[in-house]
file final_17.csv (CSV, C-alpha atoms)
chain,number,residue,atom,x,y,z
A,1,MET,CA,-75.4,62.5,14.5
A,2,SER,CA,-72.8,64.1,12.2
A,3,ARG,CA,-73.1,67.8,11.4
A,4,LEU,CA,-72.5,70.0,8.4
A,5,ALA,CA,-71.4,73.5,9.2
A,6,ILE,CA,-71.2,76.3,6.6
A,7,GLU,CA,-70.1,79.8,7.2
A,8,GLY,CA,-70.0,82.3,4.4
A,9,ARG,CA,-70.9,85.4,2.6
A,10,ALA,CA,-74.4,86.0,1.2
A,11,ARG,CA,-74.6,86.4,-2.6
A,12,VAL,CA,-78.1,87.8,-3.2
A,13,LEU,CA,-80.0,87.0,-6.4
A,14,GLY,CA,-83.6,87.7,-7.3
A,15,ASP,CA,-86.6,85.6,-8.2
A,16,ASP,CA,-86.9,83.1,-11.1
A,17,ILE,CA,-83.1,82.5,-11.5
A,18,ASN,CA,-83.3,79.8,-14.2
A,19,THR,CA,-80.8,77.1,-15.0
A,20,ASP,CA,-79.6,79.0,-18.1
A,21,TYR,CA,-78.8,82.0,-15.9
A,22,ILE,CA,-76.9,79.7,-13.5
A,23,ILE,CA,-74.9,78.2,-16.4
A,24,SER,CA,-75.6,79.0,-20.1
A,25,SER,CA,-76.5,75.9,-22.0
A,26,ARG,CA,-74.1,76.9,-24.7
A,27,ARG,CA,-71.2,76.5,-22.2
A,28,LYS,CA,-71.9,72.8,-21.6
A,29,ARG,CA,-71.1,72.1,-25.3
A,30,ASP,CA,-67.5,72.9,-24.4
A,31,SER,CA,-67.2,70.9,-21.2
A,32,LEU,CA,-69.3,69.3,-18.4
A,33,ASP,CA,-66.4,69.7,-16.0
A,34,PRO,CA,-67.5,71.9,-13.1
A,35,GLN,CA,-64.0,73.1,-12.5
A,36,ILE,CA,-64.0,74.5,-16.0
A,37,LEU,CA,-67.6,75.7,-16.0
A,38,ARG,CA,-67.3,77.5,-12.7
A,39,GLN,CA,-65.8,80.5,-14.5
A,40,TYR,CA,-69.1,81.0,-16.2
A,41,LEU,CA,-71.4,80.9,-13.2
A,42,LEU,CA,-74.2,83.4,-13.5
A,43,GLU,CA,-72.4,85.1,-16.4
A,44,SER,CA,-75.8,86.0,-18.0
A,45,LEU,CA,-76.7,88.1,-15.0
A,46,ASP,CA,-73.2,89.4,-14.1
A,47,PRO,CA,-70.2,88.6,-16.3
A,48,ASP,CA,-67.9,89.3,-13.3
A,49,PHE,CA,-69.8,87.2,-10.8
A,50,ALA,CA,-67.8,84.0,-11.0
A,51,ALA,CA,-64.5,85.9,-10.5
A,52,THR,CA,-65.9,87.3,-7.2
A,53,VAL,CA,-67.0,84.0,-5.7
A,54,LYS,CA,-65.2,82.8,-2.6
A,55,PRO,CA,-65.3,79.3,-1.1
A,56,ASN,CA,-68.3,78.9,1.1
A,57,ASP,CA,-70.2,81.8,-0.3
A,58,VAL,CA,-74.0,81.1,0.0
A,59,LEU,CA,-76.3,81.8,-2.9
A,60,VAL,CA,-79.5,83.6,-1.6
A,61,ALA,CA,-82.5,83.8,-3.9
A,62,GLY,CA,-86.2,84.6,-3.9
A,63,GLU,CA,-88.9,82.4,-5.5
A,64,ASN,CA,-88.5,79.6,-8.0
A,65,PHE,CA,-84.7,79.2,-7.9
A,66,GLY,CA,-83.4,76.8,-10.6
A,67,CYS,CA,-86.5,77.0,-12.9
A,68,GLY,CA,-86.2,76.2,-16.6
A,69,SER,CA,-84.5,73.1,-18.0
A,70,ALA,CA,-83.6,70.1,-15.9
A,71,MET,CA,-79.9,70.1,-16.7
A,72,GLU,CA,-77.9,68.7,-13.8
A,73,VAL,CA,-74.9,70.8,-14.6
A,74,ALA,CA,-76.7,73.8,-13.2
A,75,ALA,CA,-76.3,72.2,-9.7
A,76,THR,CA,-72.8,70.8,-10.3
A,77,VAL,CA,-71.4,74.1,-11.4
A,78,VAL,CA,-72.5,75.7,-8.2
A,79,VAL,CA,-70.7,73.0,-6.2
A,80,GLY,CA,-67.7,73.3,-8.5
A,81,ALA,CA,-67.5,77.0,-7.6
A,82,GLY,CA,-67.1,76.1,-3.9
A,83,ILE,CA,-70.7,77.0,-2.9
A,84,LYS,CA,-72.2,74.5,-0.5
A,85,ALA,CA,-75.6,75.9,0.1
A,86,VAL,CA,-78.4,77.9,-1.6
A,87,LEU,CA,-81.1,79.6,0.4
A,88,ALA,CA,-84.3,80.4,-1.4
A,89,LYS,CA,-87.9,81.1,-0.8
A,90,SER,CA,-88.7,78.2,-3.2
A,91,PHE,CA,-86.9,76.0,-5.7
A,92,SER,CA,-88.0,74.3,-8.9
A,93,ARG,CA,-88.5,70.6,-7.9
A,94,THR,CA,-86.0,69.4,-10.5
A,95,TYR,CA,-83.2,71.8,-9.3
A,96,TYR,CA,-84.0,70.9,-5.7
A,97,ARG,CA,-83.5,67.2,-6.4
A,98,ASN,CA,-80.4,67.8,-8.5
A,99,ALA,CA,-78.9,69.9,-5.7
A,100,ILE,CA,-79.4,67.1,-3.2
A,101,ASN,CA,-78.0,64.5,-5.5
A,102,ASN,CA,-74.9,66.6,-5.9
A,103,GLY,CA,-74.4,67.4,-2.2
A,104,LEU,CA,-75.5,71.0,-2.6
A,105,LEU,CA,-77.7,72.0,0.4
A,106,PRO,CA,-81.0,73.5,-0.8
A,107,VAL,CA,-82.6,75.5,2.1
A,108,ILE,CA,-86.1,76.7,1.8
A,109,CYS,CA,-86.6,79.8,4.0
A,110,ASP,CA,-87.6,83.4,4.0
A,111,THR,CA,-84.6,85.2,2.4
A,112,SER,CA,-86.1,88.7,2.3
A,113,ALA,CA,-84.1,90.1,5.2
A,114,ILE,CA,-80.7,88.8,3.9
A,115,ASN,CA,-78.5,91.4,2.1
A,116,GLU,CA,-75.5,91.1,-0.2
A,117,GLY,CA,-72.4,90.4,1.8
A,118,ASP,CA,-74.2,89.4,5.1
A,119,ARG,CA,-72.3,86.7,7.0
A,120,LEU,CA,-74.4,83.5,7.3
A,121,SER,CA,-73.9,80.4,9.3
A,122,ILE,CA,-75.8,77.2,8.5
A,123,THR,CA,-75.6,74.1,10.6
A,124,LEU,CA,-77.3,70.9,9.4
A,125,GLY,CA,-77.5,68.0,11.8
A,126,ASP,CA,-80.7,67.0,13.5
A,127,GLY,CA,-82.5,69.9,11.8
A,128,PHE,CA,-81.2,73.3,10.7
A,129,HIS,CA,-79.8,76.2,12.6
A,130,ILE,CA,-79.4,79.2,10.3
A,131,ARG,CA,-78.1,82.6,11.5
A,132,ASN,CA,-77.5,85.9,9.9
A,133,GLU,CA,-74.4,86.8,11.9
A,134,THR,CA,-74.5,90.4,10.4
A,135,THR,CA,-78.0,91.2,11.8
A,136,GLN,CA,-77.8,88.7,14.7
A,137,THR,CA,-81.1,87.0,13.6
A,138,ASP,CA,-82.0,83.4,13.2
A,139,LEU,CA,-83.9,82.1,10.2
A,140,THR,CA,-86.4,79.3,10.2
A,141,ALA,CA,-86.1,76.7,7.4
A,142,GLU,CA,-88.3,73.9,6.1
A,143,PRO,CA,-86.8,70.7,7.5
A,144,LEU,CA,-85.3,68.0,5.3
A,145,SER,CA,-86.6,64.5,5.4
A,146,PRO,CA,-84.2,62.0,7.2
A,147,VAL,CA,-83.4,60.4,3.8
A,148,VAL,CA,-82.6,63.7,2.1
A,149,ASN,CA,-80.6,64.8,5.2
A,150,ALA,CA,-78.5,61.6,5.0
A,151,ILE,CA,-77.9,62.1,1.3
A,152,VAL,CA,-76.7,65.7,1.7
A,153,MET,CA,-74.6,64.8,4.8
A,154,SER,CA,-72.9,62.1,2.7
A,155,GLY,CA,-71.9,64.6,0.0
A,156,GLY,CA,-74.6,63.6,-2.5
A,157,LEU,CA,-76.3,60.6,-3.9
A,158,VAL,CA,-73.3,58.8,-5.3
A,159,ASP,CA,-71.3,59.2,-2.1
A,160,CYS,CA,-74.3,58.1,-0.1
A,161,PHE,CA,-74.5,54.9,-2.2
A,162,GLN,CA,-70.8,54.3,-1.9
A,163,THR,CA,-70.9,54.8,1.9
A,164,LEU,CA,-74.2,53.0,2.7
A,165,GLY,CA,-74.4,50.6,-0.2
A,166,GLY,CA,-77.7,52.0,-1.3
A,167,PHE,CA,-80.4,54.4,-0.3
A,168,PRO,CA,-80.5,55.3,3.4
A,169,ASP,CA,-82.9,53.2,5.4
A,170,PRO,CA,-85.3,55.6,7.2
A,171,ALA,CA,-85.7,53.1,10.0
A,172,GLN,CA,-82.0,53.3,10.7
A,173,ILE,CA,-81.6,57.1,10.6
call {"tool": "encode", "arguments": {"input": "final_17.csv", "output": "structure tokens"}}
result
Amino acid sequence: MSRLAIEGRARVLGDDINTDYIISSRRKRDSLDPQILRQYLLESLDPDFAATVKPNDVLVAGENFGCGSAMEVAATVVVGAGIKAVLAKSFSRTYYRNAINNGLLPVICDTSAINEGDRLSITLGDGFHIRNETTQTDLTAEPLSPVVNAIVMSGGLVDCFQTLGGFPDPAQI
């Protein structure tokens, strides 16, 4: 079984972070290129946020992350910024699916004890292992289905199709 390991700094957000907060819909009129749009990540909440993002930072949110419109660019811009995972108490179903399709790891867990700047390690293989290295505590996450796990491990839906020639067969996972 292959593994995905992410180690990064927590970037803590609140509840109800909608897709227009993640990337303003007016920005997608200029471009849909995540490498261009990444400079506008979360600008509605903090105009300087995007400039402070480091590769492997982990977004940490409360309830209902990614609510609002179903624009896929709200997931691709997060990936374009070098963020590989979002931990949240809950996700909108559309954002959750867009994240998976784009190879962004959506983790449903209790995020209330994670503080801005905490060092997090996330390992996805046969299940999750999530640790707050700063507080030396482990977090329990809702498991991914075998098919979703395979899609995320492949880097997203398109990469999964290219690698496997179609959807993963649950019987072979």
call {"tool": "atom_distance", "arguments": {"input": "final_17.csv", "atom1": "CA of Asn149 in chain A", "atom2": "CA of Gly166 in chain A"}}
result
14.6 Å
call {"tool": "residues_around", "arguments": {"input": "final_17.csv", "residues": "Ala51 in chain A", "least_positions_apart": "4", "cutoff": "9 Å", "atoms": "only C-alpha atoms", "output": "list in words"}}
result
Gln39, Tyr40, Leu41 and Pro47 of chain A
call {"tool": "residues_around", "arguments": {"input": "final_17.csv", "residues": "Leu4 in chain A", "least_positions_apart": "6", "cutoff": "8 Å", "atoms": "only C-alpha atoms", "output": "MDAnalysis selection string"}}
result
chainID A and resid 122:125 153
call {"tool": "closest_residue", "arguments": {"input": "final_17.csv", "among": "A:Thr140, A:Thr135, A:Thr19, A:Asn56", "to": "Val107 in chain A", "atoms": "all atoms listed in the file"}}
result
A:Thr140
call {"tool": "closest_residue", "arguments": {"input": "final_17.csv", "among": "A:Val73, A:Leu157, A:Ala88, A:Ile17", "to": "Ala113 in chain A", "atoms": "all atoms listed in the file"}}
result
A:Ala88
call {"tool": "atom_distance", "arguments": {"input": "final_17.csv", "atom1": "CA of Lys84 in chain A", "atom2": "CA of Gly68 in chain A"}}
result
21.4 Å
call {"tool": "residues_around", "arguments": {"input": "final_17.csv", "residues": "Ile114 in chain A", "least_positions_apart": "6", "cutoff": "9 Å", "atoms": "only C-alpha atoms", "output": "PyMOL selection string"}}
result
chain A and resi 10+12+60+120+132+135
call {"tool": "atom_distance", "arguments": {"input": "final_17.csv", "atom1": "CA of Ala61 in chain A", "atom2": "CA of Glu116 in chain A"}}
result
10.8 Å
call {"tool": "residues_around", "arguments": {"input": "final_17.csv", "residues": "Tyr95 in chain A", "least_positions_apart": "4", "cutoff": "9 Å", "atoms": "only C-alpha atoms", "output": "PDB file with C-alpha atoms, in the frame of the given file"}}
result
ATOM      1  CA  THR A  19     -80.800  77.100 -15.000  1.00  0.00           C
ATOM      2  CA  PHE A  65     -84.700  79.200  -7.900  1.00  0.00           C
ATOM      3  CA  GLY A  66     -83.400  76.800 -10.600  1.00  0.00           C
ATOM      4  CA  CYS A  67     -86.500  77.000 -12.900  1.00  0.00           C
ATOM      5  CA  SER A  69     -84.500  73.100 -18.000  1.00  0.00           C
ATOM      6  CA  ALA A  70     -83.600  70.100 -15.900  1.00  0.00           C
ATOM      7  CA  MET A  71     -79.900  70.100 -16.700  1.00  0.00           C
ATOM      8  CA  GLU A  72     -77.900  68.700 -13.800  1.00  0.00           C
ATOM      9  CA  ALA A  74     -76.700  73.800 -13.200  1.00  0.00           C
ATOM     10  CA  ALA A  75     -76.300  72.200  -9.700  1.00  0.00           C
ATOM     11  CA  PHE A  91     -86.900  76.000  -5.700  1.00  0.00           C
ATOM     12  CA  ALA A  99     -78.900  69.900  -5.700  1.00  0.00           C
ATOM     13  CA  ILE A 100     -79.400  67.100  -3.200  1.00  0.00           C
ATOM     14  CA  PRO A 106     -81.000  73.500  -0.800  1.00  0.00           C
TER      15      PRO A 106
END
call {"tool": "residues_around", "arguments": {"input": "final_17.csv", "residues": "Gly127 in chain A", "least_positions_apart": "3", "cutoff": "10 Å", "atoms": "all atoms listed in the file", "output": "PDB file with C-alpha atoms, keeping the file's coordinate frame"}}
result
ATOM      1  CA  ARG A   3     -73.100  67.800  11.400  1.00  0.00           C
ATOM      2  CA  THR A 123     -75.600  74.100  10.600  1.00  0.00           C
ATOM      3  CA  LEU A 124     -77.300  70.900   9.400  1.00  0.00           C
ATOM      4  CA  ILE A 130     -79.400  79.200  10.300  1.00  0.00           C
ATOM      5  CA  ALA A 141     -86.100  76.700   7.400  1.00  0.00           C
ATOM      6  CA  GLU A 142     -88.300  73.900   6.100  1.00  0.00           C
ATOM      7  CA  PRO A 143     -86.800  70.700   7.500  1.00  0.00           C
ATOM      8  CA  LEU A 144     -85.300  68.000   5.300  1.00  0.00           C
ATOM      9  CA  SER A 145     -86.600  64.500   5.400  1.00  0.00           C
ATOM     10  CA  PRO A 146     -84.200  62.000   7.200  1.00  0.00           C
ATOM     11  CA  ASN A 149     -80.600  64.800   5.200  1.00  0.00           C
TER      12      ASN A 149
END
call {"tool": "closest_residue", "arguments": {"input": "final_17.csv", "among": "A:Cys160, A:Ala5, A:Ala85, A:Val77", "to": "Ser121 in chain A", "atoms": "all atoms listed in the file"}}
result
A:Ala5
call {"tool": "closest_residue", "arguments": {"input": "final_17.csv", "among": "A:Thr111, A:Ser90, A:Thr137, A:Asn101", "to": "Gly155 in chain A", "atoms": "all atoms listed in the file"}}
result
A:Asn101
call {"tool": "residues_near_point", "arguments": {"input": "final_17.csv", "point": "(-69.5, 86.8, -6.3)", "cutoff": "10 Å", "atoms": "all atoms listed in the file", "output": "list in words"}}
result
Arg9, Ala10, Arg11, Val12, Leu41, Leu42, Asp46, Asp48, Phe49, Ala50, Ala51, Thr52, Val53, Lys54, Asp57, Val58, Leu59, Glu116 and Gly117 of chain A
call {"tool": "closest_residue", "arguments": {"input": "final_17.csv", "among": "A:Thr76, A:Glu63, A:Gly8, A:Asn18", "to": "Leu32 in chain A", "atoms": "only C-alpha atoms"}}
result
A:Thr76
call {"tool": "closest_residue", "arguments": {"input": "final_17.csv", "among": "A:Pro34, A:Gly62, A:Pro168, A:Pro55", "to": "Ser112 in chain A", "atoms": "all atoms listed in the file"}}
result
A:Gly62
call {"tool": "decode", "arguments": {"input": "final_17.csv", "residues": "range 42-58 of chain A", "atoms": "all heavy atoms", "output": "mmCIF file, in the first residue's frame"}}
result
data_model
loop_
_atom_site.group_PDB
_atom_site.id
_atom_site.type_symbol
_atom_site.label_atom_id
_atom_site.label_comp_id
_atom_site.auth_asym_id
_atom_site.auth_seq_id
_atom_site.Cartn_x
_atom_site.Cartn_y
_atom_site.Cartn_z
ATOM 1 N N LEU A 42 -7.913 33.357 -0.223
ATOM 2 C CA LEU A 42 -8.500 33.870 1.017
ATOM 3 C C LEU A 42 -8.331 35.386 1.197
ATOM 4 O O LEU A 42 -8.362 35.884 2.319
ATOM 5 C CB LEU A 42 -7.962 33.104 2.230
ATOM 6 C CG LEU A 42 -8.392 31.632 2.266
ATOM 7 C CD1 LEU A 42 -7.508 30.839 3.198
ATOM 8 C CD2 LEU A 42 -9.855 31.513 2.672
ATOM 9 N N GLU A 43 -8.194 36.112 0.095
ATOM 10 C CA GLU A 43 -7.973 37.553 0.189
ATOM 11 C C GLU A 43 -9.135 38.296 0.833
ATOM 12 O O GLU A 43 -8.929 39.349 1.440
ATOM 13 C CB GLU A 43 -7.640 38.158 -1.172
ATOM 14 C CG GLU A 43 -8.823 38.254 -2.108
ATOM 15 C CD GLU A 43 -8.493 38.929 -3.428
ATOM 16 O OE1 GLU A 43 -7.580 39.776 -3.493
ATOM 17 O OE2 GLU A 43 -9.175 38.595 -4.413
ATOM 18 N N SER A 44 -10.356 37.772 0.731
ATOM 19 C CA SER A 44 -11.506 38.432 1.351
ATOM 20 C C SER A 44 -11.411 38.415 2.871
ATOM 21 O O SER A 44 -11.907 39.316 3.537
ATOM 22 C CB SER A 44 -12.808 37.756 0.927
ATOM 23 O OG SER A 44 -12.982 37.867 -0.458
ATOM 24 N N LEU A 45 -10.777 37.387 3.408
ATOM 25 C CA LEU A 45 -10.599 37.279 4.856
ATOM 26 C C LEU A 45 -9.335 37.969 5.338
ATOM 27 O O LEU A 45 -9.303 38.553 6.408
ATOM 28 C CB LEU A 45 -10.559 35.812 5.282
ATOM 29 C CG LEU A 45 -11.818 34.988 5.005
ATOM 30 C CD1 LEU A 45 -11.601 33.545 5.404
ATOM 31 C CD2 LEU A 45 -13.007 35.591 5.725
ATOM 32 N N ASP A 46 -8.268 37.861 4.547
ATOM 33 C CA ASP A 46 -6.978 38.447 4.898
ATOM 34 C C ASP A 46 -6.214 38.734 3.607
ATOM 35 O O ASP A 46 -5.707 37.798 2.973
ATOM 36 C CB ASP A 46 -6.191 37.477 5.788
ATOM 37 C CG ASP A 46 -4.806 37.986 6.156
ATOM 38 O OD1 ASP A 46 -4.393 39.073 5.697
ATOM 39 O OD2 ASP A 46 -4.112 37.280 6.914
ATOM 40 N N PRO A 47 -6.116 39.996 3.193
ATOM 41 C CA PRO A 47 -5.451 40.325 1.932
ATOM 42 C C PRO A 47 -3.994 39.855 1.855
ATOM 43 O O PRO A 47 -3.469 39.677 0.763
ATOM 44 C CB PRO A 47 -5.525 41.858 1.875
ATOM 45 C CG PRO A 47 -6.658 42.222 2.770
ATOM 46 C CD PRO A 47 -6.691 41.175 3.845
ATOM 47 N N ASP A 48 -3.357 39.618 2.997
ATOM 48 C CA ASP A 48 -1.963 39.175 3.006
ATOM 49 C C ASP A 48 -1.803 37.668 3.151
ATOM 50 O O ASP A 48 -0.683 37.156 3.169
ATOM 51 C CB ASP A 48 -1.212 39.875 4.150
ATOM 52 C CG ASP A 48 -1.200 41.379 3.982
ATOM 53 O OD1 ASP A 48 -1.043 41.847 2.833
ATOM 54 O OD2 ASP A 48 -1.369 42.094 4.990
ATOM 55 N N PHE A 49 -2.914 36.936 3.269
ATOM 56 C CA PHE A 49 -2.836 35.501 3.537
ATOM 57 C C PHE A 49 -2.000 34.766 2.497
ATOM 58 O O PHE A 49 -1.091 34.007 2.840
ATOM 59 C CB PHE A 49 -4.232 34.877 3.629
ATOM 60 C CG PHE A 49 -4.210 33.427 4.008
ATOM 61 C CD1 PHE A 49 -4.167 33.056 5.336
ATOM 62 C CD2 PHE A 49 -4.216 32.434 3.041
ATOM 63 C CE1 PHE A 49 -4.126 31.715 5.709
ATOM 64 C CE2 PHE A 49 -4.167 31.094 3.396
ATOM 65 C CZ PHE A 49 -4.134 30.740 4.733
ATOM 66 N N ALA A 50 -2.304 34.937 1.225
ATOM 67 C CA ALA A 50 -1.630 34.187 0.162
ATOM 68 C C ALA A 50 -0.119 34.377 0.193
ATOM 69 O O ALA A 50 0.635 33.430 -0.052
ATOM 70 C CB ALA A 50 -2.183 34.583 -1.199
ATOM 71 N N ALA A 51 0.336 35.565 0.512
ATOM 72 C CA ALA A 51 1.774 35.835 0.551
ATOM 73 C C ALA A 51 2.467 35.107 1.697
ATOM 74 O O ALA A 51 3.692 34.926 1.665
ATOM 75 C CB ALA A 51 2.021 37.333 0.661
ATOM 76 N N THR A 52 1.707 34.667 2.689
ATOM 77 C CA THR A 52 2.312 33.985 3.841
ATOM 78 C C THR A 52 2.249 32.469 3.748
ATOM 79 O O THR A 52 2.797 31.781 4.597
ATOM 80 C CB THR A 52 1.618 34.413 5.151
ATOM 81 O OG1 THR A 52 0.268 33.934 5.159
ATOM 82 C CG2 THR A 52 1.646 35.926 5.327
ATOM 83 N N VAL A 53 1.584 31.951 2.713
ATOM 84 C CA VAL A 53 1.450 30.503 2.564
ATOM 85 C C VAL A 53 2.780 29.890 2.164
ATOM 86 O O VAL A 53 3.479 30.386 1.281
ATOM 87 C CB VAL A 53 0.365 30.154 1.520
ATOM 88 C CG1 VAL A 53 0.362 28.666 1.200
ATOM 89 C CG2 VAL A 53 -1.002 30.591 2.008
ATOM 90 N N LYS A 54 3.116 28.801 2.848
ATOM 91 C CA LYS A 54 4.316 28.018 2.535
ATOM 92 C C LYS A 54 3.879 26.662 2.002
ATOM 93 O O LYS A 54 2.824 26.154 2.380
ATOM 94 C CB LYS A 54 5.158 27.827 3.789
ATOM 95 C CG LYS A 54 5.696 29.108 4.367
ATOM 96 C CD LYS A 54 6.480 28.831 5.633
ATOM 97 C CE LYS A 54 6.949 30.142 6.257
ATOM 98 N NZ LYS A 54 7.557 29.927 7.563
ATOM 99 N N PRO A 55 4.686 26.040 1.136
ATOM 100 C CA PRO A 55 4.337 24.694 0.664
ATOM 101 C C PRO A 55 4.091 23.760 1.851
ATOM 102 O O PRO A 55 4.815 23.802 2.854
ATOM 103 C CB PRO A 55 5.565 24.260 -0.128
ATOM 104 C CG PRO A 55 6.203 25.551 -0.551
ATOM 105 C CD PRO A 55 5.941 26.519 0.572
ATOM 106 N N ASN A 56 3.062 22.944 1.722
ATOM 107 C CA ASN A 56 2.647 21.955 2.723
ATOM 108 C C ASN A 56 1.927 22.554 3.924
ATOM 109 O O ASN A 56 1.642 21.823 4.872
ATOM 110 C CB ASN A 56 3.801 21.072 3.190
ATOM 111 C CG ASN A 56 4.303 20.179 2.086
ATOM 112 O OD1 ASN A 56 3.525 19.708 1.260
ATOM 113 N ND2 ASN A 56 5.598 19.964 2.044
ATOM 114 N N ASP A 57 1.635 23.866 3.921
ATOM 115 C CA ASP A 57 0.750 24.376 4.963
ATOM 116 C C ASP A 57 -0.545 23.565 4.904
ATOM 117 O O ASP A 57 -0.909 23.025 3.851
ATOM 118 C CB ASP A 57 0.416 25.853 4.729
ATOM 119 C CG ASP A 57 1.476 26.805 5.266
ATOM 120 O OD1 ASP A 57 2.432 26.340 5.910
ATOM 121 O OD2 ASP A 57 1.333 28.019 5.042
ATOM 122 N N VAL A 58 -1.224 23.472 6.032
ATOM 123 C CA VAL A 58 -2.471 22.724 6.126
ATOM 124 C C VAL A 58 -3.560 23.692 6.566
ATOM 125 O O VAL A 58 -3.424 24.349 7.604
ATOM 126 C CB VAL A 58 -2.348 21.566 7.142
ATOM 127 C CG1 VAL A 58 -3.675 20.843 7.303
ATOM 128 C CG2 VAL A 58 -1.230 20.599 6.740
#
